[in-house]
$ cat query.tsv   # TSV, N, CA and C atoms
chain	number	residue	atom	x	y	z
A	1	MET	N	0.84	-1.19	0.00
A	1	MET	CA	0.00	0.00	0.00
A	1	MET	C	0.88	1.24	0.00
A	2	ARG	N	0.52	2.19	-0.79
A	2	ARG	CA	1.28	3.43	-0.91
A	2	ARG	C	0.91	4.39	0.21
A	3	ASP	N	1.88	5.07	0.76
A	3	ASP	CA	1.66	6.06	1.82
A	3	ASP	C	1.65	7.45	1.20
A	4	TYR	N	0.64	8.25	1.57
A	4	TYR	CA	0.50	9.61	1.05
A	4	TYR	C	0.55	10.60	2.20
A	5	GLU	N	0.98	11.81	1.92
A	5	GLU	CA	0.97	12.88	2.92
A	5	GLU	C	-0.46	13.32	3.23
A	6	SER	N	-1.30	13.34	2.21
A	6	SER	CA	-2.68	13.79	2.35
A	6	SER	C	-3.61	12.90	1.54
A	7	HIS	N	-4.85	12.83	2.00
A	7	HIS	CA	-5.88	12.12	1.25
A	7	HIS	C	-7.03	13.11	1.08
A	8	VAL	N	-7.40	13.35	-0.17
A	8	VAL	CA	-8.41	14.35	-0.51
A	8	VAL	C	-9.64	13.64	-1.08
A	9	PHE	N	-10.79	13.97	-0.49
A	9	PHE	CA	-12.05	13.43	-0.98
A	9	PHE	C	-12.87	14.57	-1.60
A	10	VAL	N	-13.23	14.41	-2.85
A	10	VAL	CA	-14.03	15.40	-3.56
A	10	VAL	C	-15.42	14.81	-3.78
A	11	CYS	N	-16.43	15.52	-3.32
A	11	CYS	CA	-17.80	15.05	-3.47
A	11	CYS	C	-18.20	15.09	-4.95
A	12	ALA	N	-18.81	14.00	-5.39
A	12	ALA	CA	-19.28	13.92	-6.77
A	12	ALA	C	-20.79	13.72	-6.81
A	13	GLY	N	-21.46	14.01	-5.68
A	13	GLY	CA	-22.91	13.89	-5.62
A	13	GLY	C	-23.58	14.89	-6.53
A	14	GLY	N	-24.87	14.70	-6.73
A	14	GLY	CA	-25.63	15.51	-7.69
A	14	GLY	C	-25.49	17.00	-7.53
A	15	ASP	N	-25.69	17.53	-6.31
A	15	ASP	CA	-25.61	18.98	-6.13
A	15	ASP	C	-24.19	19.49	-6.31
A	16	CYS	N	-23.21	18.77	-5.78
A	16	CYS	CA	-21.81	19.19	-5.95
A	16	CYS	C	-21.42	19.14	-7.42
A	17	LYS	N	-21.89	18.11	-8.11
A	17	LYS	CA	-21.60	17.97	-9.53
A	17	LYS	C	-22.17	19.16	-10.31
A	18	LYS	N	-23.41	19.54	-9.99
A	18	LYS	CA	-24.04	20.69	-10.65
A	18	LYS	C	-23.28	21.98	-10.39
A	19	ARG	N	-22.62	22.06	-9.25
A	19	ARG	CA	-21.92	23.28	-8.87
A	19	ARG	C	-20.44	23.28	-9.27
A	20	GLY	N	-20.01	22.27	-10.03
A	20	GLY	CA	-18.66	22.30	-10.58
A	20	GLY	C	-17.63	21.40	-9.93
A	21	ALA	N	-18.07	20.35	-9.23
A	21	ALA	CA	-17.12	19.46	-8.55
A	21	ALA	C	-16.13	18.82	-9.53
A	22	ARG	N	-16.59	18.46	-10.69
A	22	ARG	CA	-15.69	17.83	-11.67
A	22	ARG	C	-14.57	18.78	-12.06
A	23	ASP	N	-14.90	20.05	-12.29
A	23	ASP	CA	-13.87	21.03	-12.65
A	23	ASP	C	-12.93	21.31	-11.48
A	24	THR	N	-13.47	21.32	-10.27
A	24	THR	CA	-12.64	21.54	-9.08
A	24	THR	C	-11.65	20.40	-8.93
A	25	ARG	N	-12.12	19.16	-9.08
A	25	ARG	CA	-11.23	18.00	-8.97
A	25	ARG	C	-10.15	18.03	-10.05
A	26	LYS	N	-10.54	18.33	-11.26
A	26	LYS	CA	-9.58	18.40	-12.37
A	26	LYS	C	-8.53	19.47	-12.10
A	27	ALA	N	-8.98	20.64	-11.65
A	27	ALA	CA	-8.05	21.74	-11.35
A	27	ALA	C	-7.10	21.34	-10.23
A	28	LEU	N	-7.61	20.62	-9.24
A	28	LEU	CA	-6.77	20.18	-8.13
A	28	LEU	C	-5.67	19.23	-8.62
A	29	LYS	N	-6.04	18.25	-9.43
A	29	LYS	CA	-5.02	17.34	-9.97
A	29	LYS	C	-3.99	18.08	-10.83
A	30	GLU	N	-4.46	18.99	-11.66
A	30	GLU	CA	-3.54	19.74	-12.52
A	30	GLU	C	-2.61	20.62	-11.70
A	31	GLU	N	-3.14	21.24	-10.65
A	31	GLU	CA	-2.33	22.11	-9.80
A	31	GLU	C	-1.26	21.30	-9.05
A	32	LEU	N	-1.65	20.15	-8.52
A	32	LEU	CA	-0.67	19.31	-7.82
A	32	LEU	C	0.39	18.80	-8.78
A	33	ARG	N	-0.04	18.44	-9.99
A	33	ARG	CA	0.92	17.98	-11.01
A	33	ARG	C	1.91	19.10	-11.35
A	34	SER	N	1.40	20.32	-11.54
A	34	SER	CA	2.30	21.42	-11.92
A	34	SER	C	3.27	21.78	-10.79
A	35	ARG	N	2.89	21.51	-9.55
A	35	ARG	CA	3.77	21.78	-8.40
A	35	ARG	C	4.71	20.60	-8.12
A	36	GLY	N	4.52	19.50	-8.85
A	36	GLY	CA	5.36	18.33	-8.66
A	36	GLY	C	5.05	17.54	-7.39
A	37	ILE	N	3.82	17.68	-6.89
A	37	ILE	CA	3.46	16.98	-5.65
A	37	ILE	C	2.25	16.06	-5.82
A	38	LEU	N	1.91	15.72	-7.03
A	38	LEU	CA	0.75	14.86	-7.27
A	38	LEU	C	0.90	13.52	-6.55
A	39	GLY	N	2.11	12.99	-6.47
A	39	GLY	CA	2.34	11.71	-5.80
A	39	GLY	C	2.27	11.78	-4.29
A	40	GLU	N	2.18	12.98	-3.72
A	40	GLU	CA	2.11	13.13	-2.27
A	40	GLU	C	0.68	13.17	-1.75
A	41	ALA	N	-0.28	13.33	-2.63
A	41	ALA	CA	-1.68	13.40	-2.21
A	41	ALA	C	-2.51	12.42	-3.04
A	42	ARG	N	-3.35	11.70	-2.37
A	42	ARG	CA	-4.29	10.82	-3.06
A	42	ARG	C	-5.60	11.58	-3.20
A	43	ILE	N	-6.15	11.61	-4.40
A	43	ILE	CA	-7.41	12.31	-4.65
A	43	ILE	C	-8.45	11.29	-5.09
A	44	ASP	N	-9.55	11.23	-4.35
A	44	ASP	CA	-10.64	10.32	-4.68
A	44	ASP	C	-11.95	11.09	-4.71
A	45	THR	N	-12.89	10.57	-5.49
A	45	THR	CA	-14.25	11.12	-5.46
A	45	THR	C	-15.11	10.20	-4.59
A	46	VAL	N	-16.10	10.81	-3.97
A	46	VAL	CA	-17.05	10.05	-3.15
A	46	VAL	C	-18.45	10.44	-3.61
A	47	ASP	N	-19.41	9.55	-3.35
A	47	ASP	CA	-20.77	9.78	-3.81
A	47	ASP	C	-21.41	10.99	-3.15
A	48	CYS	N	-21.24	11.15	-1.85
A	48	CYS	CA	-21.86	12.29	-1.18
A	48	CYS	C	-21.18	12.53	0.16
A	49	LEU	N	-20.93	13.79	0.46
A	49	LEU	CA	-20.38	14.18	1.76
A	49	LEU	C	-21.43	14.89	2.61
A	50	GLY	N	-22.64	14.99	2.10
A	50	GLY	CA	-23.66	15.74	2.81
A	50	GLY	C	-23.42	17.23	2.60
A	51	LEU	N	-24.16	18.05	3.30
A	51	LEU	CA	-24.02	19.50	3.18
A	51	LEU	C	-24.11	19.94	1.72
A	52	CYS	N	-25.02	19.30	1.01
A	52	CYS	CA	-25.13	19.45	-0.45
A	52	CYS	C	-25.32	20.89	-0.91
A	53	LYS	N	-26.06	21.68	-0.16
A	53	LYS	CA	-26.33	23.05	-0.61
A	53	LYS	C	-25.10	23.94	-0.59
A	54	HIS	N	-23.99	23.44	-0.05
A	54	HIS	CA	-22.76	24.23	0.02
A	54	HIS	C	-21.73	23.84	-1.03
A	55	GLY	N	-21.98	22.82	-1.82
A	55	GLY	CA	-20.98	22.23	-2.70
A	55	GLY	C	-20.38	23.17	-3.73
A	56	PRO	N	-19.33	22.74	-4.38
A	56	PRO	CA	-18.66	21.45	-4.24
A	56	PRO	C	-17.86	21.36	-2.94
A	57	ASN	N	-17.97	20.20	-2.28
A	57	ASN	CA	-17.33	19.99	-0.98
A	57	ASN	C	-16.13	19.08	-1.11
A	58	VAL	N	-15.11	19.40	-0.31
A	58	VAL	CA	-13.86	18.65	-0.33
A	58	VAL	C	-13.40	18.48	1.11
A	59	ILE	N	-12.89	17.30	1.44
A	59	ILE	CA	-12.27	17.07	2.75
A	59	ILE	C	-10.82	16.66	2.51
A	60	VAL	N	-9.92	17.28	3.28
A	60	VAL	CA	-8.51	16.92	3.22
A	60	VAL	C	-8.12	16.30	4.56
A	61	TYR	N	-7.63	15.08	4.50
A	61	TYR	CA	-7.11	14.40	5.69
A	61	TYR	C	-5.59	14.36	5.57
A	62	ASP	N	-4.93	14.75	6.63
A	62	ASP	CA	-3.49	14.57	6.68
A	62	ASP	C	-3.11	14.13	8.10
A	63	GLY	N	-1.87	13.74	8.28
A	63	GLY	CA	-1.44	13.16	9.55
A	63	GLY	C	-1.68	14.03	10.77
A	64	ASP	N	-1.58	15.33	10.64
A	64	ASP	CA	-1.73	16.22	11.79
A	64	ASP	C	-3.18	16.50	12.14
A	65	ARG	N	-4.10	16.23	11.23
A	65	ARG	CA	-5.51	16.55	11.45
A	65	ARG	C	-6.38	15.34	11.15
A	66	PRO	N	-6.45	14.40	12.10
A	66	PRO	CA	-7.21	13.17	11.81
A	66	PRO	C	-8.70	13.41	11.58
A	67	LYS	N	-9.25	14.54	12.02
A	67	LYS	CA	-10.66	14.82	11.76
A	67	LYS	C	-10.86	15.42	10.37
A	68	GLY	N	-9.82	15.81	9.73
A	68	GLY	CA	-9.90	16.36	8.39
A	68	GLY	C	-10.26	17.84	8.39
A	69	THR	N	-9.96	18.47	7.29
A	69	THR	CA	-10.31	19.87	7.06
A	69	THR	C	-11.34	19.89	5.94
A	70	TRP	N	-12.49	20.47	6.24
A	70	TRP	CA	-13.58	20.55	5.27
A	70	TRP	C	-13.51	21.88	4.54
A	71	TYR	N	-13.61	21.80	3.22
A	71	TYR	CA	-13.74	22.99	2.39
A	71	TYR	C	-15.10	22.90	1.70
A	72	LEU	N	-16.00	23.78	2.07
A	72	LEU	CA	-17.34	23.79	1.50
A	72	LEU	C	-17.40	24.84	0.40
A	73	GLY	N	-18.00	24.48	-0.72
A	73	GLY	CA	-18.11	25.43	-1.82
A	73	GLY	C	-16.76	25.77	-2.44
A	74	LEU	N	-15.87	24.79	-2.48
A	74	LEU	CA	-14.53	25.03	-3.03
A	74	LEU	C	-14.62	25.21	-4.54
A	75	ARG	N	-14.24	26.37	-4.99
A	75	ARG	CA	-14.30	26.69	-6.41
A	75	ARG	C	-12.96	26.43	-7.08
A	76	GLU	N	-13.02	26.30	-8.36
A	76	GLU	CA	-11.83	26.05	-9.17
A	76	GLU	C	-10.75	27.10	-8.90
A	77	ASP	N	-11.14	28.37	-8.75
A	77	ASP	CA	-10.14	29.41	-8.54
A	77	ASP	C	-9.59	29.44	-7.11
A	78	ASP	N	-10.16	28.64	-6.18
A	78	ASP	CA	-9.60	28.51	-4.83
A	78	ASP	C	-8.51	27.43	-4.78
A	79	VAL	N	-8.46	26.58	-5.78
A	79	VAL	CA	-7.59	25.41	-5.79
A	79	VAL	C	-6.11	25.76	-5.63
A	80	PRO	N	-5.54	26.76	-6.33
A	80	PRO	CA	-4.12	27.02	-6.15
A	80	PRO	C	-3.74	27.35	-4.70
A	81	GLU	N	-4.60	28.07	-4.00
A	81	GLU	CA	-4.32	28.40	-2.61
A	81	GLU	C	-4.37	27.15	-1.72
A	82	VAL	N	-5.36	26.30	-1.91
A	82	VAL	CA	-5.46	25.07	-1.12
A	82	VAL	C	-4.28	24.15	-1.45
A	83	ALA	N	-3.95	24.03	-2.73
A	83	ALA	CA	-2.84	23.16	-3.12
A	83	ALA	C	-1.52	23.65	-2.53
A	84	GLY	N	-1.27	24.94	-2.62
A	84	GLY	CA	0.00	25.47	-2.13
A	84	GLY	C	0.09	25.52	-0.62
A	85	GLN	N	-0.90	26.13	0.00
A	85	GLN	CA	-0.83	26.33	1.46
A	85	GLN	C	-1.09	25.04	2.24
A	86	HIS	N	-2.12	24.30	1.84
A	86	HIS	CA	-2.48	23.12	2.62
A	86	HIS	C	-1.73	21.87	2.16
A	87	LEU	N	-1.87	21.51	0.90
A	87	LEU	CA	-1.31	20.25	0.43
A	87	LEU	C	0.21	20.29	0.26
A	88	GLU	N	0.76	21.42	-0.05
A	88	GLU	CA	2.21	21.52	-0.20
A	88	GLU	C	2.90	21.89	1.11
A	89	ASN	N	2.29	22.83	1.85
A	89	ASN	CA	2.94	23.33	3.07
A	89	ASN	C	2.31	22.86	4.37
A	90	GLY	N	1.21	22.11	4.30
A	90	GLY	CA	0.64	21.52	5.50
A	90	GLY	C	-0.20	22.43	6.38
A	91	GLU	N	-0.56	23.61	5.89
A	91	GLU	CA	-1.36	24.55	6.68
A	91	GLU	C	-2.72	24.77	6.01
A	92	PRO	N	-3.82	24.37	6.66
A	92	PRO	CA	-5.13	24.60	6.08
A	92	PRO	C	-5.37	26.07	5.77
A	93	VAL	N	-6.16	26.33	4.76
A	93	VAL	CA	-6.51	27.70	4.38
A	93	VAL	C	-7.71	28.09	5.25
A	94	GLU	N	-7.45	28.77	6.33
A	94	GLU	CA	-8.47	29.08	7.33
A	94	GLU	C	-9.66	29.83	6.74
A	95	ARG	N	-9.40	30.76	5.83
A	95	ARG	CA	-10.51	31.56	5.27
A	95	ARG	C	-11.46	30.72	4.42
A	96	LEU	N	-11.00	29.58	3.94
A	96	LEU	CA	-11.83	28.70	3.12
A	96	LEU	C	-12.35	27.49	3.90
A	97	ALA	N	-11.69	27.16	5.00
A	97	ALA	CA	-12.07	25.97	5.77
A	97	ALA	C	-13.36	26.22	6.54
A	98	ALA	N	-14.18	25.19	6.62
A	98	ALA	CA	-15.45	25.28	7.35
A	98	ALA	C	-15.18	25.32	8.85
A	99	ASP	N	-15.98	26.10	9.55
A	99	ASP	CA	-15.89	26.15	11.00
A	99	ASP	C	-16.47	24.88	11.58
A	100	ARG	N	-15.83	24.39	12.61
A	100	ARG	CA	-16.35	23.22	13.32
A	100	ARG	C	-17.11	23.67	14.55
A	101	ARG	N	-18.27	23.07	14.74
A	101	ARG	CA	-19.06	23.34	15.94
A	101	ARG	C	-18.98	22.13	16.85
A	102	PRO	N	-18.91	22.36	18.14
A	102	PRO	CA	-18.89	21.20	19.04
A	102	PRO	C	-20.21	20.46	19.00
A	103	ARG	N	-20.16	19.17	19.27
A	103	ARG	CA	-21.37	18.36	19.33
A	103	ARG	C	-22.20	18.77	20.53
A	104	LYS	N	-23.48	18.61	20.40
A	104	LYS	CA	-24.37	18.87	21.53
A	104	LYS	C	-24.13	17.79	22.58
A	105	ALA	N	-24.14	18.19	23.81
A	105	ALA	CA	-23.95	17.24	24.90
A	105	ALA	C	-25.14	16.29	24.97
A	106	LYS	N	-24.87	15.04	25.22
A	106	LYS	CA	-25.94	14.05	25.36
A	106	LYS	C	-26.61	14.24	26.71
A	107	LYS	N	-27.90	14.09	26.72
A	107	LYS	CA	-28.64	14.14	27.98
A	107	LYS	C	-28.47	12.80	28.69
A	108	THR	N	-28.22	12.87	29.96
A	108	THR	CA	-28.07	11.63	30.74
A	108	THR	C	-29.38	11.29	31.42
A	109	ARG	N	-29.65	10.03	31.49
A	109	ARG	CA	-30.88	9.56	32.15
A	109	ARG	C	-30.61	9.43	33.64
A	110	LYS	N	-31.64	9.70	34.40
A	110	LYS	CA	-31.52	9.57	35.87
A	110	LYS	C	-32.34	8.44	36.36

$ encode --input "query.tsv" --output "structure tokens"
Amino acid sequence: MRDYESHVFVCAGGDCKKRGARDTRKALKEELRSRGILGEARIDTVDCLGLCKHGPNVIVYDGDRPKGTWYLGLREDDVPEVAGQHLENGEPVERLAADRRPRKAKKTRK
């Protein structure tokens, strides 16, 4: 099995597809290739990541962030910044990354 620095999942569900997921994925591969780092990141498509109304959606998993970094509504013209800052230099693009909210506390039974 090949080891990668990052694993990128691009949503290919209906809403993301309508909003340009295919072009975003293509731009991402081309950008990584032009930077000479295509072999350091695995890029896969998935059927649906949920949050459909925000698409195209992308999740980047890397060793330092096991929960992944979500990019909602990632456009083709955002790709160079994500490729350079996150995938090449290991720092998520905060202005594009989705905010995480804590889970609601479970109610305990008495």

$ atom_distance --input "query.tsv" --atom1 "atom N of Glu30 (chain A)" --atom2 "CA of Arg100 (chain A)"
28.0 Å

$ closest_residue --input "query.tsv" --among "A:Asp77, A:Asp15, A:Glu94, A:Glu88" --to "His54 (chain A)" --atoms "all atoms listed in the file"
A:Asp15

$ closest_residue --input "query.tsv" --among "A:Thr24, A:Asn89, A:Ser6, A:Thr108" --to "Leu74 (chain A)" --atoms "only N, CA and C atoms"
A:Thr24

$ closest_residue --input "query.tsv" --among "A:Lys53, A:Lys107, A:Arg101, A:Arg42" --to "Asp3 (chain A)" --atoms "only C-alpha atoms"
A:Arg42

$ axis_aligned_box --input "query.tsv" --around "region 92-98 of chain A" --padding-each-side "4 Å" --output "JSON"
{"center_x": -9.6, "center_y": 28.0, "center_z": 6.0, "size_x": 19.6, "size_y": 15.2, "size_z": 13.7}

$ select_by_dssp --input "query.tsv" --residues "chain A" --states "helix (DSSP H, G or I)" --output "number ranges by chain"
A: 14-18, 21-35, 38-40, 52-54, 76-88

$ residues_around --input "query.tsv" --residues "Glu76 (chain A)" --least-positions-apart "5" --cutoff "9 Å" --atoms "only C-alpha atoms" --output "ChimeraX atom specification"
/A:20-21,23-28

$ residues_around --input "query.tsv" --residues "Cys52 (chain A)" --least-positions-apart "6" --cutoff "12 Å" --atoms "only C-alpha atoms" --output "list in words"
Cys11, Ala12, Gly13, Gly14, Asp15, Cys16, Lys17, Lys18, Arg19, Ala21, Val58, Leu72 and Gly73 of chain A

$ write_last_selection --input "query.tsv" --atoms "N, CA and C atoms" --output "PDB file, in the coordinates of the input"
ATOM      1  N   CYS A  11     -16.430  15.520  -3.320  1.00  0.00           N
ATOM      2  CA  CYS A  11     -17.800  15.050  -3.470  1.00  0.00           C
ATOM      3  C   CYS A  11     -18.200  15.090  -4.950  1.00  0.00           C
ATOM      4  N   ALA A  12     -18.810  14.000  -5.390  1.00  0.00           N
ATOM      5  CA  ALA A  12     -19.280  13.920  -6.770  1.00  0.00           C
ATOM      6  C   ALA A  12     -20.790  13.720  -6.810  1.00  0.00           C
ATOM      7  N   GLY A  13     -21.460  14.010  -5.680  1.00  0.00           N
ATOM      8  CA  GLY A  13     -22.910  13.890  -5.620  1.00  0.00           C
ATOM      9  C   GLY A  13     -23.580  14.890  -6.530  1.00  0.00           C
ATOM     10  N   GLY A  14     -24.870  14.700  -6.730  1.00  0.00           N
ATOM     11  CA  GLY A  14     -25.630  15.510  -7.690  1.00  0.00           C
ATOM     12  C   GLY A  14     -25.490  17.000  -7.530  1.00  0.00           C
ATOM     13  N   ASP A  15     -25.690  17.530  -6.310  1.00  0.00           N
ATOM     14  CA  ASP A  15     -25.610  18.980  -6.130  1.00  0.00           C
ATOM     15  C   ASP A  15     -24.190  19.490  -6.310  1.00  0.00           C
ATOM     16  N   CYS A  16     -23.210  18.770  -5.780  1.00  0.00           N
ATOM     17  CA  CYS A  16     -21.810  19.190  -5.950  1.00  0.00           C
ATOM     18  C   CYS A  16     -21.420  19.140  -7.420  1.00  0.00           C
ATOM     19  N   LYS A  17     -21.890  18.110  -8.110  1.00  0.00           N
ATOM     20  CA  LYS A  17     -21.600  17.970  -9.530  1.00  0.00           C
ATOM     21  C   LYS A  17     -22.170  19.160 -10.310  1.00  0.00           C
ATOM     22  N   LYS A  18     -23.410  19.540  -9.990  1.00  0.00           N
ATOM     23  CA  LYS A  18     -24.040  20.690 -10.650  1.00  0.00           C
ATOM     24  C   LYS A  18     -23.280  21.980 -10.390  1.00  0.00           C
ATOM     25  N   ARG A  19     -22.620  22.060  -9.250  1.00  0.00           N
ATOM     26  CA  ARG A  19     -21.920  23.280  -8.870  1.00  0.00           C
ATOM     27  C   ARG A  19     -20.440  23.280  -9.270  1.00  0.00           C
ATOM     28  N   ALA A  21     -18.070  20.350  -9.230  1.00  0.00           N
ATOM     29  CA  ALA A  21     -17.120  19.460  -8.550  1.00  0.00           C
ATOM     30  C   ALA A  21     -16.130  18.820  -9.530  1.00  0.00           C
ATOM     31  N   VAL A  58     -15.110  19.400  -0.310  1.00  0.00           N
ATOM     32  CA  VAL A  58     -13.860  18.650  -0.330  1.00  0.00           C
ATOM     33  C   VAL A  58     -13.400  18.480   1.110  1.00  0.00           C
ATOM     34  N   LEU A  72     -16.000  23.780   2.070  1.00  0.00           N
ATOM     35  CA  LEU A  72     -17.340  23.790   1.500  1.00  0.00           C
ATOM     36  C   LEU A  72     -17.400  24.840   0.400  1.00  0.00           C
ATOM     37  N   GLY A  73     -18.000  24.480  -0.720  1.00  0.00           N
ATOM     38  CA  GLY A  73     -18.110  25.430  -1.820  1.00  0.00           C
ATOM     39  C   GLY A  73     -16.760  25.770  -2.440  1.00  0.00           C
TER      40      GLY A  73
END

$ select_by_dssp --input "query.tsv" --residues "region 4-90 of chain A" --states "strand (DSSP E)" --output "list in words"
Ser6, His7, Val8, Phe9, Val10, Cys11, Ala41, Arg42, Ile43, Asp44, Thr45, Val46, Val58, Ile59, Val60, Tyr61, Asp62, Arg65, Pro66, Lys67, Gly68, Thr69, Trp70 and Tyr71 of chain A

$ write_last_selection --input "query.tsv" --atoms "N, CA and C atoms" --output "PDB file, in the frame of the given file"
ATOM      1  N   SER A   6      -1.300  13.340   2.210  1.00  0.00           N
ATOM      2  CA  SER A   6      -2.680  13.790   2.350  1.00  0.00           C
ATOM      3  C   SER A   6      -3.610  12.900   1.540  1.00  0.00           C
ATOM      4  N   HIS A   7      -4.850  12.830   2.000  1.00  0.00           N
ATOM      5  CA  HIS A   7      -5.880  12.120   1.250  1.00  0.00           C
ATOM      6  C   HIS A   7      -7.030  13.110   1.080  1.00  0.00           C
ATOM      7  N   VAL A   8      -7.400  13.350  -0.170  1.00  0.00           N
ATOM      8  CA  VAL A   8      -8.410  14.350  -0.510  1.00  0.00           C
ATOM      9  C   VAL A   8      -9.640  13.640  -1.080  1.00  0.00           C
ATOM     10  N   PHE A   9     -10.790  13.970  -0.490  1.00  0.00           N
ATOM     11  CA  PHE A   9     -12.050  13.430  -0.980  1.00  0.00           C
ATOM     12  C   PHE A   9     -12.870  14.570  -1.600  1.00  0.00           C
ATOM     13  N   VAL A  10     -13.230  14.410  -2.850  1.00  0.00           N
ATOM     14  CA  VAL A  10     -14.030  15.400  -3.560  1.00  0.00           C
ATOM     15  C   VAL A  10     -15.420  14.810  -3.780  1.00  0.00           C
ATOM     16  N   CYS A  11     -16.430  15.520  -3.320  1.00  0.00           N
ATOM     17  CA  CYS A  11     -17.800  15.050  -3.470  1.00  0.00           C
ATOM     18  C   CYS A  11     -18.200  15.090  -4.950  1.00  0.00           C
ATOM     19  N   ALA A  41      -0.280  13.330  -2.630  1.00  0.00           N
ATOM     20  CA  ALA A  41      -1.680  13.400  -2.210  1.00  0.00           C
ATOM     21  C   ALA A  41      -2.510  12.420  -3.040  1.00  0.00           C
ATOM     22  N   ARG A  42      -3.350  11.700  -2.370  1.00  0.00           N
ATOM     23  CA  ARG A  42      -4.290  10.820  -3.060  1.00  0.00           C
ATOM     24  C   ARG A  42      -5.600  11.580  -3.200  1.00  0.00           C
ATOM     25  N   ILE A  43      -6.150  11.610  -4.400  1.00  0.00           N
ATOM     26  CA  ILE A  43      -7.410  12.310  -4.650  1.00  0.00           C
ATOM     27  C   ILE A  43      -8.450  11.290  -5.090  1.00  0.00           C
ATOM     28  N   ASP A  44      -9.550  11.230  -4.350  1.00  0.00           N
ATOM     29  CA  ASP A  44     -10.640  10.320  -4.680  1.00  0.00           C
ATOM     30  C   ASP A  44     -11.950  11.090  -4.710  1.00  0.00           C
ATOM     31  N   THR A  45     -12.890  10.570  -5.490  1.00  0.00           N
ATOM     32  CA  THR A  45     -14.250  11.120  -5.460  1.00  0.00           C
ATOM     33  C   THR A  45     -15.110  10.200  -4.590  1.00  0.00           C
ATOM     34  N   VAL A  46     -16.100  10.810  -3.970  1.00  0.00           N
ATOM     35  CA  VAL A  46     -17.050  10.050  -3.150  1.00  0.00           C
ATOM     36  C   VAL A  46     -18.450  10.440  -3.610  1.00  0.00           C
ATOM     37  N   VAL A  58     -15.110  19.400  -0.310  1.00  0.00           N
ATOM     38  CA  VAL A  58     -13.860  18.650  -0.330  1.00  0.00           C
ATOM     39  C   VAL A  58     -13.400  18.480   1.110  1.00  0.00           C
ATOM     40  N   ILE A  59     -12.890  17.300   1.440  1.00  0.00           N
ATOM     41  CA  ILE A  59     -12.270  17.070   2.750  1.00  0.00           C
ATOM     42  C   ILE A  59     -10.820  16.660   2.510  1.00  0.00           C
ATOM     43  N   VAL A  60      -9.920  17.280   3.280  1.00  0.00           N
ATOM     44  CA  VAL A  60      -8.510  16.920   3.220  1.00  0.00           C
ATOM     45  C   VAL A  60      -8.120  16.300   4.560  1.00  0.00           C
ATOM     46  N   TYR A  61      -7.630  15.080   4.500  1.00  0.00           N
ATOM     47  CA  TYR A  61      -7.110  14.400   5.690  1.00  0.00           C
ATOM     48  C   TYR A  61      -5.590  14.360   5.570  1.00  0.00           C
ATOM     49  N   ASP A  62      -4.930  14.750   6.630  1.00  0.00           N
ATOM     50  CA  ASP A  62      -3.490  14.570   6.680  1.00  0.00           C
ATOM     51  C   ASP A  62      -3.110  14.130   8.100  1.00  0.00           C
ATOM     52  N   ARG A  65      -4.100  16.230  11.230  1.00  0.00           N
ATOM     53  CA  ARG A  65      -5.510  16.550  11.450  1.00  0.00           C
ATOM     54  C   ARG A  65      -6.380  15.340  11.150  1.00  0.00           C
ATOM     55  N   PRO A  66      -6.450  14.400  12.100  1.00  0.00           N
ATOM     56  CA  PRO A  66      -7.210  13.170  11.810  1.00  0.00           C
ATOM     57  C   PRO A  66      -8.700  13.410  11.580  1.00  0.00           C
ATOM     58  N   LYS A  67      -9.250  14.540  12.020  1.00  0.00           N
ATOM     59  CA  LYS A  67     -10.660  14.820  11.760  1.00  0.00           C
ATOM     60  C   LYS A  67     -10.860  15.420  10.370  1.00  0.00           C
ATOM     61  N   GLY A  68      -9.820  15.810   9.730  1.00  0.00           N
ATOM     62  CA  GLY A  68      -9.900  16.360   8.390  1.00  0.00           C
ATOM     63  C   GLY A  68     -10.260  17.840   8.390  1.00  0.00           C
ATOM     64  N   THR A  69      -9.960  18.470   7.290  1.00  0.00           N
ATOM     65  CA  THR A  69     -10.310  19.870   7.060  1.00  0.00           C
ATOM     66  C   THR A  69     -11.340  19.890   5.940  1.00  0.00           C
ATOM     67  N   TRP A  70     -12.490  20.470   6.240  1.00  0.00           N
ATOM     68  CA  TRP A  70     -13.580  20.550   5.270  1.00  0.00           C
ATOM     69  C   TRP A  70     -13.510  21.880   4.540  1.00  0.00           C
ATOM     70  N   TYR A  71     -13.610  21.800   3.220  1.00  0.00           N
ATOM     71  CA  TYR A  71     -13.740  22.990   2.390  1.00  0.00           C
ATOM     72  C   TYR A  71     -15.100  22.900   1.700  1.00  0.00           C
TER      73      TYR A  71
END

$ atom_distance --input "query.tsv" --atom1 "CA of Gly36 (chain A)" --atom2 "atom C of Asn57 (chain A)"
22.8 Å

$ residues_near_point --input "query.tsv" --point "(1.4, 12.7, 3.6)" --cutoff "7 Å" --atoms "all atoms listed in the file" --output "short mmCIF file (atom, residue, chain, number, x, y, z; two decimals) with N, CA and C atoms, keeping the file's coordinate frame"
data_model
loop_
_atom_site.label_atom_id
_atom_site.label_comp_id
_atom_site.auth_asym_id
_atom_site.auth_seq_id
_atom_site.Cartn_x
_atom_site.Cartn_y
_atom_site.Cartn_z
N ASP A 3 1.88 5.07 0.76
CA ASP A 3 1.66 6.06 1.82
C ASP A 3 1.65 7.45 1.20
N TYR A 4 0.64 8.25 1.57
CA TYR A 4 0.50 9.61 1.05
C TYR A 4 0.55 10.60 2.20
N GLU A 5 0.98 11.81 1.92
CA GLU A 5 0.97 12.88 2.92
C GLU A 5 -0.46 13.32 3.23
N SER A 6 -1.30 13.34 2.21
CA SER A 6 -2.68 13.79 2.35
C SER A 6 -3.61 12.90 1.54
N HIS A 7 -4.85 12.83 2.00
CA HIS A 7 -5.88 12.12 1.25
C HIS A 7 -7.03 13.11 1.08
N GLU A 40 2.18 12.98 -3.72
CA GLU A 40 2.11 13.13 -2.27
C GLU A 40 0.68 13.17 -1.75
N ALA A 41 -0.28 13.33 -2.63
CA ALA A 41 -1.68 13.40 -2.21
C ALA A 41 -2.51 12.42 -3.04
N ASP A 62 -4.93 14.75 6.63
CA ASP A 62 -3.49 14.57 6.68
C ASP A 62 -3.11 14.13 8.10
N GLY A 63 -1.87 13.74 8.28
CA GLY A 63 -1.44 13.16 9.55
C GLY A 63 -1.68 14.03 10.77
#
